[in-house]
file work_20.txt (compact mmCIF, C-alpha atoms)
# COMPACT_ATOMS: atom_id res chain seq x y z
CA MET D 300 38.36 131.48 152.64
CA ALA D 301 40.11 129.51 150.09
CA PHE D 302 40.11 130.53 146.53
CA GLN D 303 37.93 128.74 144.29
CA PRO D 304 40.11 126.88 141.86
CA SER D 305 40.36 128.87 138.70
CA LYS D 306 38.62 127.37 135.78
CA SER D 307 40.88 129.00 133.23
CA LYS D 308 44.12 127.96 134.98
CA LYS D 309 43.11 124.37 135.06
CA ASN D 310 43.76 123.97 131.38
CA LEU D 311 46.79 126.21 131.25
CA LYS D 312 49.51 123.67 132.00
CA GLU D 313 50.03 122.08 128.67
CA GLU D 314 52.52 119.27 128.51
CA GLU D 315 55.51 120.71 126.73
CA GLY D 316 57.26 117.65 125.39
CA ALA D 317 60.38 119.08 123.87
CA LEU D 318 62.75 116.54 122.41
CA ASN D 319 66.08 116.64 124.17
CA MET D 320 68.54 116.99 121.37
CA ASN D 321 71.69 117.62 123.37
CA SER D 322 73.08 114.11 123.22
CA MET D 323 72.20 113.82 119.58
CA MET D 324 74.02 117.06 118.84
CA ASP D 325 77.08 115.77 120.69
CA MET D 326 77.07 112.63 118.61
CA MET D 327 76.65 114.52 115.38
CA THR D 328 79.51 116.84 116.22
CA ILE D 329 81.83 113.92 116.89
CA ILE D 330 80.82 112.13 113.69
CA LEU D 331 81.24 115.34 111.73
CA LEU D 332 84.72 115.96 113.09
CA PHE D 333 85.75 112.39 112.46
CA LEU D 334 84.50 112.46 108.90
CA LEU D 335 86.10 115.82 108.21
CA LYS D 336 89.39 114.42 109.42
CA SER D 337 89.24 111.41 107.15
CA PHE D 338 87.99 113.42 104.21
CA SER D 339 90.43 113.39 101.37
CA THR D 340 90.55 116.22 98.92
CA GLU D 341 92.79 114.43 96.47
CA GLY D 342 89.94 112.95 94.56
CA ALA D 343 89.28 109.38 93.69
CA LEU D 344 92.19 107.48 92.27
CA ILE D 345 90.14 104.77 90.69
CA THR D 346 86.73 104.38 89.27
CA PRO D 347 85.56 101.04 90.54
CA SER D 348 83.76 98.86 88.10
CA GLU D 349 82.98 95.27 87.41
CA GLN D 350 85.59 95.23 84.68
CA LEU D 351 88.38 96.49 86.91
CA ARG D 352 88.79 94.69 90.19
CA LEU D 353 92.13 95.34 91.76
CA PRO D 354 94.14 92.48 93.22
CA VAL D 355 94.51 92.15 96.96
CA SER D 356 97.89 92.67 98.56
CA GLN D 357 99.22 92.69 102.11
CA GLN D 358 101.55 95.60 101.72
CA GLY D 359 101.97 98.78 99.82
CA GLU D 360 102.39 102.45 100.47
CA LYS D 361 99.84 105.18 100.15
CA PRO D 362 99.28 105.99 96.51
CA LYS D 363 99.63 109.42 95.00
CA LYS D 364 97.75 110.61 92.00
CA GLU D 365 99.80 110.08 88.89
CA LEU D 366 99.25 109.12 85.32
CA THR D 367 97.25 105.91 85.36
CA VAL D 368 97.18 103.07 82.91
CA SER D 369 94.23 100.79 83.56
CA ILE D 370 93.94 97.31 82.22
CA ALA D 371 90.34 96.27 82.56
CA LYS D 372 88.95 92.93 81.46
CA ASN D 373 87.95 94.30 78.07
CA SER D 374 89.71 97.57 77.46
CA LEU D 375 92.91 99.48 77.98
CA MET D 376 92.69 102.99 79.42
CA VAL D 377 95.02 105.89 80.08
CA ASN D 378 93.70 108.38 82.63
CA ASP D 379 90.24 106.83 82.23
CA ALA D 380 90.14 107.42 78.49
CA VAL D 381 89.74 104.22 76.52
CA ILE D 382 92.64 103.58 74.18
CA MET D 383 91.76 100.25 72.68
CA ASP D 384 90.18 96.89 73.30
CA VAL D 385 92.24 94.23 74.97
CA ALA D 386 91.21 91.79 72.25
CA ASP D 387 92.90 93.99 69.63
CA ILE D 388 96.36 93.59 71.11
CA GLY D 389 98.38 91.40 68.83
CA LYS D 390 99.62 88.07 70.10
CA GLU D 391 103.16 88.39 68.84
CA VAL D 392 103.92 92.06 69.46
CA MET D 393 105.56 93.22 72.67
CA LEU D 394 104.96 96.92 72.21
CA ILE D 395 101.35 98.10 72.13
CA PRO D 396 101.40 100.90 69.51
CA PRO D 397 98.26 102.93 70.49
CA LEU D 398 99.28 102.89 74.15
CA ALA D 399 102.85 103.80 73.27
CA SER D 400 101.81 106.79 71.19
CA ARG D 401 99.45 108.07 73.89
CA LEU D 402 102.09 107.68 76.58
CA SER D 403 104.65 109.42 74.39
CA ASP D 404 102.24 112.34 74.11
CA TYR D 405 101.99 112.51 77.87
CA ALA D 406 105.76 112.27 78.20
CA ALA D 407 106.22 115.12 75.73
CA GLN D 408 103.68 117.17 77.67
CA GLU D 409 105.53 116.50 80.90
CA HIS D 410 108.81 117.51 79.29
CA GLU D 411 107.26 120.76 78.14
CA LEU D 412 105.93 121.44 81.61
CA GLU D 413 109.36 120.74 83.03
CA ILE D 414 110.91 123.35 80.78
CA ASP D 415 108.12 125.92 81.00
CA VAL D 416 107.13 125.90 84.65
CA GLY D 417 109.72 123.71 86.29
CA LYS D 418 107.37 120.88 87.23
CA GLU D 419 109.56 117.87 87.63
CA PHE D 420 108.93 114.89 85.39
CA THR D 421 108.70 112.01 87.83
CA HIS D 422 108.56 109.19 85.26
CA GLU D 423 105.94 107.60 87.49
CA VAL D 424 102.96 105.70 86.23
CA ILE D 425 100.32 103.81 88.15
CA ILE D 426 99.23 100.55 86.61
CA GLU D 427 95.77 99.39 87.61
CA GLY D 428 95.19 95.90 86.48
CA ASP D 429 92.21 93.67 86.88
CA GLU D 430 93.00 90.69 89.09
CA LYS D 431 92.20 88.25 86.30
CA ILE D 432 94.38 89.63 83.52
CA PRO D 433 97.12 87.30 82.29
CA PHE D 434 100.78 87.98 83.01
CA GLU D 435 101.53 88.33 79.32
CA LEU D 436 99.25 91.36 79.00
CA LEU D 437 100.62 92.95 82.15
CA PHE D 438 104.12 92.45 80.90
CA LYS D 439 103.35 94.00 77.54
CA VAL D 440 101.88 97.07 79.22
CA MET D 441 104.88 97.37 81.51
CA TYR D 442 107.21 97.00 78.57
CA THR D 443 105.37 99.73 76.68
CA CYS D 444 105.48 102.02 79.72
CA SER D 445 109.21 101.59 80.18
CA LYS D 446 109.81 102.21 76.49
CA THR D 447 108.00 105.53 76.70
CA GLU D 448 109.96 107.02 79.59
CA PHE D 449 107.53 105.96 82.29
CA TYR D 450 109.86 103.51 83.93
CA LYS D 451 108.86 104.03 87.56
CA MET D 452 105.85 101.79 87.72
CA ARG D 453 103.49 101.38 90.63
CA LEU D 454 101.06 98.54 90.74
CA LEU D 455 97.85 99.61 92.42
CA THR D 456 96.34 97.08 94.80
CA VAL D 457 93.69 96.90 97.46
CA LYS D 458 95.13 96.48 100.92
CA LYS D 459 94.09 93.41 102.78
CA GLY D 460 92.67 93.57 106.29
CA SER D 461 91.73 97.18 106.35
CA MET G 10 36.88 137.89 147.35
CA ALA G 11 40.38 138.65 146.30
CA TYR G 12 41.31 139.03 142.72
CA LYS G 13 42.94 136.12 141.16
CA PRO G 14 46.67 136.64 140.49
CA SER G 15 47.39 138.15 137.13
CA LEU G 16 48.49 135.78 134.46
CA ARG G 17 50.65 138.43 132.86
CA ARG G 18 53.01 138.62 135.80
CA LYS G 19 54.94 135.64 134.62
CA SER G 20 55.47 136.92 131.13
CA ASP G 21 58.75 138.71 131.90
CA GLU G 22 60.47 135.38 132.56
CA LEU G 23 61.63 134.84 129.03
CA ASP G 24 61.66 131.19 128.23
CA MET G 25 64.52 131.23 125.72
CA GLU G 26 65.94 128.17 124.12
CA LEU G 27 68.69 128.02 121.55
CA ASP G 28 67.26 127.29 118.19
CA ILE G 29 69.38 124.41 116.97
CA ARG G 30 67.30 123.50 113.98
CA PRO G 31 69.57 125.17 111.40
CA VAL G 32 72.57 123.42 112.88
CA MET G 33 70.75 120.13 112.73
CA ASN G 34 69.88 120.74 109.12
CA LEU G 35 73.50 121.42 108.36
CA MET G 36 74.58 118.23 110.10
CA VAL G 37 72.03 116.15 108.30
CA VAL G 38 73.36 117.40 104.99
CA LEU G 39 77.06 117.32 105.86
CA ILE G 40 77.23 113.85 107.33
CA PRO G 41 75.91 111.94 104.30
CA LEU G 42 78.12 114.07 102.08
CA LEU G 43 81.24 113.22 104.05
CA ILE G 44 80.32 109.57 104.36
CA ALA G 45 79.95 109.42 100.59
CA GLY G 46 83.35 110.98 100.14
CA ALA G 47 85.13 108.89 102.70
CA GLU G 48 87.78 106.37 101.77
CA TRP G 49 86.31 102.95 102.31
CA VAL G 50 88.81 100.87 100.43
CA LYS G 51 92.39 101.28 101.37
CA LEU G 52 94.62 101.27 98.35
CA GLY G 53 98.28 100.44 98.25
CA ILE G 54 100.99 100.52 95.66
CA ILE G 55 103.84 98.18 94.90
CA GLU G 56 106.83 99.98 93.48
CA ILE G 57 108.71 98.62 90.56
CA ASN G 58 111.65 100.61 89.33
CA VAL G 59 112.88 99.48 86.00
CA PRO G 60 116.08 101.00 84.73
CA PRO G 61 115.33 103.34 81.80
CA ALA G 62 115.04 101.30 78.65
CA LYS G 63 117.88 101.81 76.25
CA THR G 64 118.60 98.43 74.81
CA GLY G 65 116.81 95.20 75.40
CA GLY G 66 113.58 94.77 77.29
CA PRO G 67 112.76 95.99 80.75
CA GLY G 68 113.50 93.96 83.78
CA THR G 69 116.37 92.02 82.40
CA GLY G 70 117.85 92.41 85.85
CA ASP G 71 121.10 93.96 84.64
CA ASP G 72 122.95 96.46 86.70
CA GLN G 73 125.21 99.03 85.16
CA ASN G 74 127.27 97.46 82.43
CA GLU G 75 130.65 98.60 83.71
CA GLN G 76 130.12 96.68 86.93
CA LYS G 77 129.21 93.54 85.11
CA GLU G 78 132.66 92.00 85.07
CA GLN G 79 133.92 92.29 88.61
CA ALA G 80 130.65 92.16 90.53
CA LYS G 81 129.38 88.95 92.02
CA LYS G 82 125.85 88.37 90.87
CA LEU G 83 123.18 86.22 92.33
CA GLY G 84 120.60 86.52 89.59
CA LEU G 85 117.77 85.02 91.57
CA THR G 86 114.88 84.12 89.33
CA ILE G 87 111.36 83.16 90.30
CA ALA G 88 109.37 81.48 87.60
CA VAL G 89 105.66 80.86 88.00
CA SER G 90 104.03 78.25 85.84
CA GLU G 91 100.88 76.19 85.82
CA THR G 92 102.51 73.45 87.86
CA GLY G 93 104.15 75.57 90.53
CA ILE G 94 106.85 78.04 91.43
CA THR G 95 110.45 77.48 90.44
CA ILE G 96 113.32 79.21 92.18
CA GLY G 97 116.65 79.37 90.43
CA ASN G 98 119.43 81.49 89.05
CA ALA G 99 121.52 81.54 85.92
CA GLY G 100 123.47 78.44 86.92
CA MET G 101 121.05 76.17 88.67
CA ILE G 102 117.50 75.47 89.66
CA LEU G 103 116.45 74.67 93.18
CA SER G 104 114.83 71.30 92.91
CA GLY G 105 111.63 70.34 94.60
CA GLU G 106 110.95 67.47 96.94
CA LYS G 107 110.66 64.96 94.17
CA GLY G 108 113.91 66.04 92.58
CA GLU G 109 112.25 67.26 89.44
CA GLY G 110 109.61 69.72 88.41
CA PRO G 111 109.05 73.07 90.08
CA THR G 112 110.63 73.95 93.43
CA VAL G 113 107.30 74.53 95.09
CA GLU G 114 104.53 72.50 93.59
CA ARG G 115 101.01 73.66 93.32
CA LYS G 116 98.76 72.31 96.00
CA GLU G 117 96.03 69.84 95.20
CA ASP G 118 93.28 72.40 95.58
CA GLY G 119 94.89 74.50 92.88
CA SER G 120 96.42 77.20 95.04
CA TYR G 121 100.10 77.93 95.24
CA ASP G 122 101.98 76.98 98.38
CA TYR G 123 103.21 80.39 99.49
CA ALA G 124 104.28 79.22 102.94
CA VAL G 125 106.82 76.75 101.56
CA PHE G 126 107.86 79.28 98.93
CA ARG G 127 108.59 81.87 101.59
CA GLU G 128 110.53 79.41 103.71
CA LYS G 129 112.77 78.60 100.77
CA LEU G 130 113.35 82.28 100.10
CA ILE G 131 114.22 82.98 103.74
CA GLU G 132 116.67 80.09 103.57
CA ILE G 133 118.31 81.56 100.47
CA LYS G 134 118.37 85.05 101.94
CA LYS G 135 120.12 83.84 105.09
CA LYS G 136 122.71 82.01 103.04
CA ILE G 137 123.59 84.85 100.74
CA ILE G 138 123.43 87.79 103.12
CA GLY G 139 126.78 89.43 103.69
CA GLN G 140 128.47 87.48 100.90
CA GLY G 141 128.90 90.56 98.78
CA PHE G 142 126.42 89.93 96.03
CA VAL G 143 125.57 93.20 94.31
CA ASP G 144 122.02 92.13 93.71
CA GLU G 145 121.23 90.53 97.04
CA ASN G 146 117.95 92.45 97.22
CA ARG G 147 116.94 91.74 93.67
CA ALA G 148 114.80 89.04 92.19
CA VAL G 149 113.61 88.54 88.66
CA LEU G 150 110.03 87.47 88.42
CA THR G 151 108.74 85.70 85.39
CA ALA G 152 105.61 83.74 84.66
CA SER G 153 103.81 81.77 82.02
CA ALA G 154 101.68 83.87 79.73
CA ASP G 155 98.34 82.98 81.27
CA ILE G 156 99.12 83.31 84.97
CA GLU G 157 96.63 85.65 86.60
CA TYR G 158 97.65 89.05 87.91
CA GLN G 159 96.41 88.23 91.42
CA ILE G 160 98.88 85.35 91.64
CA ILE G 161 101.72 87.64 90.54
CA VAL G 162 100.75 90.11 93.28
CA ASP G 163 100.61 87.31 95.85
CA ILE G 164 104.07 86.14 94.81
CA MET G 165 105.37 89.70 95.12
CA ASP G 166 103.85 89.98 98.58
CA ASN G 167 105.79 86.97 99.70
CA LEU G 168 108.90 87.94 97.79
CA GLN G 169 109.44 91.43 99.11
CA THR G 170 109.14 91.07 102.85
CA TYR G 171 108.57 88.50 105.54
CA LYS G 172 107.49 88.61 109.16
CA ASP G 173 109.46 86.72 111.76
CA ASP G 174 108.01 85.16 114.91
CA GLU G 175 108.01 88.49 116.69
CA GLU G 176 105.94 90.08 113.93
CA LYS G 177 108.89 92.14 112.78
CA VAL G 178 109.02 92.82 109.08
CA HIS G 179 112.26 92.02 107.29
CA ALA G 180 113.22 92.72 103.73
CA LEU G 181 113.56 89.67 101.57
CA PHE G 182 114.02 90.64 97.95
CA PRO G 183 112.36 94.04 97.67
CA GLU G 184 113.70 94.94 94.25
CA ILE G 185 111.66 93.06 91.73
CA ASN G 186 112.32 92.97 88.02
CA PHE G 187 110.07 91.39 85.49
CA SER G 188 111.08 89.18 82.67
CA LYS G 189 109.42 87.07 80.06
CA ILE G 190 109.94 83.43 79.39
CA LEU G 191 111.28 82.86 75.94
CA GLN G 192 109.11 80.37 74.24
call {"tool": "encode", "arguments": {"input": "work_20.txt", "output": "structure tokens"}}
result
Amino acid sequence: MAFQPSKSKKNLKEEEGALNMNSMMDMMTIILLFLLKSFSTEGALITPSEQLRLPVSQQGEKPKKELTVSIAKNSLMVNDAVIMDVADIGKEVMLIPPLASRLSDYAAQEHELEIDVGKEFTHEVIIEGDEKIPFELLFKVMYTCSKTEFYKMRLLTVKKGS
Amino acid sequence: MAYKPSLRRKSDELDMELDIRPVMNLMVVLIPLLIAGAEWVKLGIIEINVPPAKTGGPGTGDDQNEQKEQAKKLGLTIAVSETGITIGNAGMILSGEKGEGPTVERKEDGSYDYAVFREKLIEIKKKIIGQGFVDENRAVLTASADIEYQIIVDIMDNLQTYKDDEEKVHALFPEINFSKILQ
């Protein structure tokens, strides 16, 4: 005689709809590895802003973090600290005195470090200029840099086609 | 009537599954963090090495003074103005198509004609290479006061290197000095 179908077993088989996460995990692992690889620990070289849009260039090497002089549309900055307004730079002068004094301070600091701990003074400075600044202003900044021992200048640009 | 099979018999088959929820949580946090820290804009630098300033301004294009007498100098100068780009050196100016004005005139739409400019430079480079000029890699770049920085960078792009038909990169005048027009 056949068993009578159990009344309690009839409701036992609940649909167990577990989400299959294996493929998603694979994907996540790959993305994670890729992002970890491209992760840079050097920190951001620039602070992007509306006032400082870098010019586009086809070439250029990978930048290192150095002392930066930024020429934004309205202000002049050294290592992101505002030195003065661009409008305050005299028309006739070649040397920009506030910038020169600040850079001299940095140069003196670097010299001290060179003597104390043997960190080499590279004389390098990165100039970040807005794409719209006139040549005259750029030239004045470069002149000031070279007068204050920072004569290895690097112009920071955004690489085209990347 | 037989007893119905015990339901407990199955309970020793342990239905174990790896609990991946903590890992997922970690991923969900880590991925946005890394995306936020990733480098989206590729930056590049253009090197300009000015000799340490002692006398005179930077970028006067002078080599060491003791070599000044015997060395053959090219003194290539690129001047950018509102009307166009002028190529010249201490002795002469390369004239444009019309015989006067800048060497490479500005195009009608207001942009500079970099293609023609580069051709002229390649021509010059081919002529002077191997002739023993001490500054065959050097060019002095100067511009009117109100030329935009982007244009200067474009000029430098075309001035430093060029690509031939086989996409090989050759050096043109990689050492750039800056100078100011005396007004």
call {"tool": "interface_residues", "arguments": {"input": "work_20.txt", "of": "chain D", "to": "chain G", "cutoff": "7 Å", "atoms": "all atoms listed in the file", "output": "number ranges by chain"}}
result
D: 327, 331, 334-335, 337-338, 354, 356-362, 430-435, 442, 445-446, 448, 450-458, 461
call {"tool": "write_last_selection", "arguments": {"input": "work_20.txt", "atoms": "C-alpha atoms", "output": "CSV table (one decimal), keeping the file's coordinate frame"}}
result
chain,number,residue,atom,x,y,z
D,327,MET,CA,76.6,114.5,115.4
D,331,LEU,CA,81.2,115.3,111.7
D,334,LEU,CA,84.5,112.5,108.9
D,335,LEU,CA,86.1,115.8,108.2
D,337,SER,CA,89.2,111.4,107.2
D,338,PHE,CA,88.0,113.4,104.2
D,354,PRO,CA,94.1,92.5,93.2
D,356,SER,CA,97.9,92.7,98.6
D,357,GLN,CA,99.2,92.7,102.1
D,358,GLN,CA,101.6,95.6,101.7
D,359,GLY,CA,102.0,98.8,99.8
D,360,GLU,CA,102.4,102.4,100.5
D,361,LYS,CA,99.8,105.2,100.2
D,362,PRO,CA,99.3,106.0,96.5
D,430,GLU,CA,93.0,90.7,89.1
D,431,LYS,CA,92.2,88.2,86.3
D,432,ILE,CA,94.4,89.6,83.5
D,433,PRO,CA,97.1,87.3,82.3
D,434,PHE,CA,100.8,88.0,83.0
D,435,GLU,CA,101.5,88.3,79.3
D,442,TYR,CA,107.2,97.0,78.6
D,445,SER,CA,109.2,101.6,80.2
D,446,LYS,CA,109.8,102.2,76.5
D,448,GLU,CA,110.0,107.0,79.6
D,450,TYR,CA,109.9,103.5,83.9
D,451,LYS,CA,108.9,104.0,87.6
D,452,MET,CA,105.8,101.8,87.7
D,453,ARG,CA,103.5,101.4,90.6
D,454,LEU,CA,101.1,98.5,90.7
D,455,LEU,CA,97.8,99.6,92.4
D,456,THR,CA,96.3,97.1,94.8
D,457,VAL,CA,93.7,96.9,97.5
D,458,LYS,CA,95.1,96.5,100.9
D,461,SER,CA,91.7,97.2,106.4
call {"tool": "atom_distance", "arguments": {"input": "work_20.txt", "atom1": "atom CA of D:Ser400", "atom2": "atom CA of D:Ile388"}}
result
14.3 Å
call {"tool": "closest_residue", "arguments": {"input": "work_20.txt", "among": "G:Met101, G:Glu91, G:Lys134, G:Gly139", "to": "G:Ser120", "atoms": "only C-alpha atoms"}}
result
G:Glu91
call {"tool": "atom_distance", "arguments": {"input": "work_20.txt", "atom1": "atom CA of G:Leu83", "atom2": "atom CA of G:Glu114"}}
result
23.2 Å
call {"tool": "residues_around", "arguments": {"input": "work_20.txt", "residues": "D:Glu391", "least_positions_apart": "4", "cutoff": "12 Å", "atoms": "all atoms listed in the file", "output": "PyMOL selection string"}}
result
(chain D and resi 387+395+435-436+439) or (chain G and resi 154+192)
call {"tool": "atom_distance", "arguments": {"input": "work_20.txt", "atom1": "atom CA of D:Thr328", "atom2": "atom CA of G:Leu23"}}
result
28.4 Å
call {"tool": "closest_residue", "arguments": {"input": "work_20.txt", "among": "D:Leu437, D:Met324, D:Ile330, D:Leu351", "to": "D:Leu394", "atoms": "all atoms listed in the file"}}
result
D:Leu437
call {"tool": "residues_around", "arguments": {"input": "work_20.txt", "residues": "G:Glu117", "least_positions_apart": "5", "cutoff": "12 Å", "atoms": "all atoms listed in the file", "output": "ChimeraX atom specification"}}
result
/G:92-93,122
call {"tool": "closest_residue", "arguments": {"input": "work_20.txt", "among": "D:Gly389, D:Gly417, D:Gly428, D:Pro397", "to": "D:Ala371", "atoms": "only C-alpha atoms"}}
result
D:Gly428
call {"tool": "residues_around", "arguments": {"input": "work_20.txt", "residues": "D:Val381", "least_positions_apart": "6", "cutoff": "12 Å", "atoms": "all atoms listed in the file", "output": "MDAnalysis selection string"}}
result
chainID D and resid 367:371 373:375 397:398 401
call {"tool": "write_last_selection", "arguments": {"input": "work_20.txt", "atoms": "C-alpha atoms", "output": "compact mmCIF listing (two decimals), keeping the file's coordinate frame"}}
result
# COMPACT_ATOMS: atom_id res chain seq x y z
CA THR D 367 97.25 105.91 85.36
CA VAL D 368 97.18 103.07 82.91
CA SER D 369 94.23 100.79 83.56
CA ILE D 370 93.94 97.31 82.22
CA ALA D 371 90.34 96.27 82.56
CA ASN D 373 87.95 94.30 78.07
CA SER D 374 89.71 97.57 77.46
CA LEU D 375 92.91 99.48 77.98
CA PRO D 397 98.26 102.93 70.49
CA LEU D 398 99.28 102.89 74.15
CA ARG D 401 99.45 108.07 73.89
